[in-house]
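Input: a single structure, listed below in structure tokens.
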Amino acid sequence: MITELKGKFKIEGIHYGTGNPVIIEIIDGYIGNIREAKHRDDRIMNSYIAPGLIDNQINGYAGVDFSGNELKVEDVIRAVEAIWSGGVTTFLPTLITNSNENLTRNLGILSKAIDHYKQLGESVPGFHLEGPYISPDEGYRGCHPVQYIHNPSWEEFLGFQEAAEGKIIEITIAPEIEGAMEFINLCYKNGIVVALGHTNASAEQILRAIENGARLSTHLGNACANFIHRHKNPIWPQLANDRLTPTIIADGHHLLPEEIQVFYKVKGPENIILTSDVIYLSGMIPGKYTFMESEVILTEDGLLYNPVLQCLAGASFPLKKGVENVMNFTGCSLTNAVNMASRNVAGIFDLKERASLLPGKRADLILFERKGNEISIKRTWLNGKLVYEEGHE
């Protein structure tokens with residue numbers, strides 16, 4: 001329930017963390033005060049309030065491919081408005097391995113969109129570059145087009161960063177390729193979060209990458225060959241090292257429930273991140289499409305598959321699906337599930353002001369109903385402004 005109060009407003013609902021009914025006052029885009037309601041109001045008994053979700057890997061949305069050759073500023077704006085409807089208030093547009101020309105152009109378009117649309121800038125703190133500095137080996141490269149994969153070049157990256165106006169804040173790299181260690185260290189020294197992914201690195205190489213500043217594992221358990229050595233593979237050393245925070249795709253297709261259970265038990269709810277890895281086919285009807293210069297199939301149950309490469313081709317479900325599934329698979333609380341898709345991500349990217357229900361924090365909030373572990377987003381606020389309301393375009 002929302003009540004206007006002379007230029008301010010308040011939201012009533014169940015606090016996602018305490019389970020108690022609360023009244024949250026919003027003033028000038030920030031949380032002004034939170035107090036527990038004296039009486040339980042039947043109108044809010046199934047309305048939960050939580051921080052907006054934060055997704056560090058959105059490759060596209062609602063028919064808009066951030067790596068597409070025809071990307072336009074107006075497309076980016078349309079995609080963002082659809083992203084808000086899924087309860088995501090902060091995200092990193094992610095560009096995938098492509099030609100230098102494509103990456104340079106699209107980083108510029110994304111940056112221009114932020115400059116021209118204030119609320120987009122409030123929602124996007126920066127970009128994620130996944131490739132082209134990854135393993136070229138079949139299986140480990142996934143669906144990334146092999147002709148564009150190459151060793152890292154700091155000079156080339158500076159060109160990407162110039163096109164992005166300095167907004168690349170995360171990069172996924174395979175640490176075993178030539179020049180990777182020096183590149184990782186340069187990124188670390190320049191405040192760029194380094195994630196290990198699409199890699200067939202050894203335990204020693206992964207450890208060296210961590211020592212040079214790597215902090216994340218990109219969608220751990222995926223971007224891996226179908227047949228790997230049961231002991232010597234890139235999953236175990238990343239899972240074992242507490243200095244790496246894994247991102248996982250809990251869409252029901254990328255990882256089995258028991259894999260997520262193991263990851264959760266090993267890393268714990270404080271050191272794991274839910275991501276979507278969603279591509280432009282989210283919300284599209286099942287059928288055959290083109291993605292990353294290859295044919296992919298979107299099935300009735302939301303699976304995206306490349307039949308030629310025999311690998312998954314990104315995801316079709318928004319981040320809230322991962323929140324639902326991690327509760328289903330691990331039995332964790334709503335609090336932990338939401339935090340893995342908000343607070344934990346904010347901690348990595350220094351965005352803590354937008355991932356807490358505390359006075360003085362930015363009012364990036366979602367109001368949702370819960371049926372079992374199923375979540376239905378009713379309203380989304382970004383910096384105190386209502387950017388999505390169910391039933392309203």
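Residues are named by chain letter and number: chains run A, B, ... in the order of the structure tokens, numbers start at 1 in each chain, and ligands are numbered from 1 in the order shown.
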Non-local contacts of Lys112 of chain A (12 Å; only C-alpha atoms; under 2 positions in same chain excluded) as a ChimeraX atom specification: /A:71-77,105-110,114-118,120-121,163-165,167
Which of segment 164-213 of chain A fall in helix (DSSP H, G or I), as an MDAnalysis selection string: chainID A and resid 180:189 203:211
Write a file of the just-selected residues containing C-alpha atoms, as a PDB file, in the first residue's frame.
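Produced file part_4.pdb, reproduced below:
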```pdb
ATOM      1  CA  ALA A 180      46.170 -12.554 -19.094  1.00  0.00           C
ATOM      2  CA  MET A 181      47.970 -12.139 -15.774  1.00  0.00           C
ATOM      3  CA  GLU A 182      49.395  -8.743 -16.624  1.00  0.00           C
ATOM      4  CA  PHE A 183      46.042  -7.662 -18.027  1.00  0.00           C
ATOM      5  CA  ILE A 184      44.189  -8.807 -14.894  1.00  0.00           C
ATOM      6  CA  ASN A 185      46.578  -6.846 -12.720  1.00  0.00           C
ATOM      7  CA  LEU A 186      46.170  -3.710 -14.818  1.00  0.00           C
ATOM      8  CA  CYS A 187      42.393  -4.000 -14.545  1.00  0.00           C
ATOM      9  CA  TYR A 188      42.640  -4.456 -10.792  1.00  0.00           C
ATOM     10  CA  LYS A 189      44.861  -1.386 -10.447  1.00  0.00           C
ATOM     11  CA  ALA A 203      44.441 -24.574 -10.345  1.00  0.00           C
ATOM     12  CA  GLU A 204      47.801 -22.787 -10.404  1.00  0.00           C
ATOM     13  CA  GLN A 205      46.667 -20.335 -13.069  1.00  0.00           C
ATOM     14  CA  ILE A 206      43.455 -19.599 -11.183  1.00  0.00           C
ATOM     15  CA  LEU A 207      45.419 -18.941  -7.996  1.00  0.00           C
ATOM     16  CA  ARG A 208      47.778 -16.584  -9.859  1.00  0.00           C
ATOM     17  CA  ALA A 209      44.795 -14.744 -11.309  1.00  0.00           C
ATOM     18  CA  ILE A 210      43.356 -14.273  -7.825  1.00  0.00           C
ATOM     19  CA  GLU A 211      46.701 -12.989  -6.577  1.00  0.00           C
TER      20      GLU A 211
END
```
Any idea what's packed within 6 Å of Glu130 of chain A, counting only C-alpha atoms, ignoring anything in its chain fewer than 3 positions away? Could you give it as a compact mmCIF listing (two decimals) with N, CA and C atoms, in the first residue's frame?
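Written output follows (selection_11.txt):
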```
# COMPACT_ATOMS: atom_id res chain seq x y z
N ILE A 96 29.16 -9.17 -25.46
CA ILE A 96 29.77 -10.48 -25.64
C ILE A 96 30.81 -10.40 -26.75
N ILE A 171 35.02 -7.15 -16.31
CA ILE A 171 35.45 -7.88 -17.49
C ILE A 171 35.64 -9.35 -17.14
N THR A 172 35.16 -10.21 -18.03
CA THR A 172 35.36 -11.66 -17.87
C THR A 172 36.50 -12.09 -18.77
```
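Here atom CA of Gly213 of chain A is placed at a distance of 8.2 Å from atom CA of Val193 of chain A.
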Near-Cys224 of chain A list (9 Å; only C-alpha atoms; drop same-chain fewer than 5 positions) as a VMD selection string: chain A and resid 138 to 142 197 to 200 234 to 235
Nearest to Trp381 of chain A by atom-to-atom distance, counting only C-alpha atoms, from A:Asn59, A:Val124, A:Val22, A:Gly87: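 Of the candidates, the smallest distance to Trp381 of chain A is held by A:Gly87.
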Polymer residues at most 10 Å from Leu95 of chain A, only C-alpha atoms, same-chain spacing of 2 or more positions, as a VMD selection string: chain A and resid 57 to 60 65 to 68 92 to 93 97 to 98 102 to 103 106 to 107 127 to 132 171
One-decimal distance in Å that lies between atom CA of Phe349 of chain A and atom CA of Met292 of chain A: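 Spanning atom CA of Met292 of chain A to atom CA of Phe349 of chain A is a straight-line distance of 27.6 Å.
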Atom pair atom CA of Asn233 of chain A / atom CA of Ala346 of chain A: separation (Å):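 Here the two named atoms are 29.4 Å from each other.
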Shortest interatomic distance to Ile34 of chain A - which of A:His144, A:Lys361, A:Arg370, A:Lys320, counting only C-alpha atoms: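 Between A:His144, A:Lys361, A:Arg370, A:Lys320, the residue approaching Ile34 of chain A most closely is A:Lys361.
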DSSP strand (DSSP E or B) residues within segment 78-154 of chain A, listed as a VMD selection string: chain A and resid 88 to 96 127 to 130
Near-Ala195 of chain A list (6 Å; only C-alpha atoms; drop same-chain fewer than 2 positions) as a list in words: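 The contact residues come out as Thr172, Ala214, Arg215, Leu216, Ser217 and Thr218 of chain A.
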Nearest candidate to Asn344 of chain A (options A:Thr330, A:Gln238, A:Thr275, A:Thr380; using only C-alpha atoms):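 Among A:Thr330, A:Gln238, A:Thr275, A:Thr380, it is A:Thr275 that comes nearest to Asn344 of chain A.
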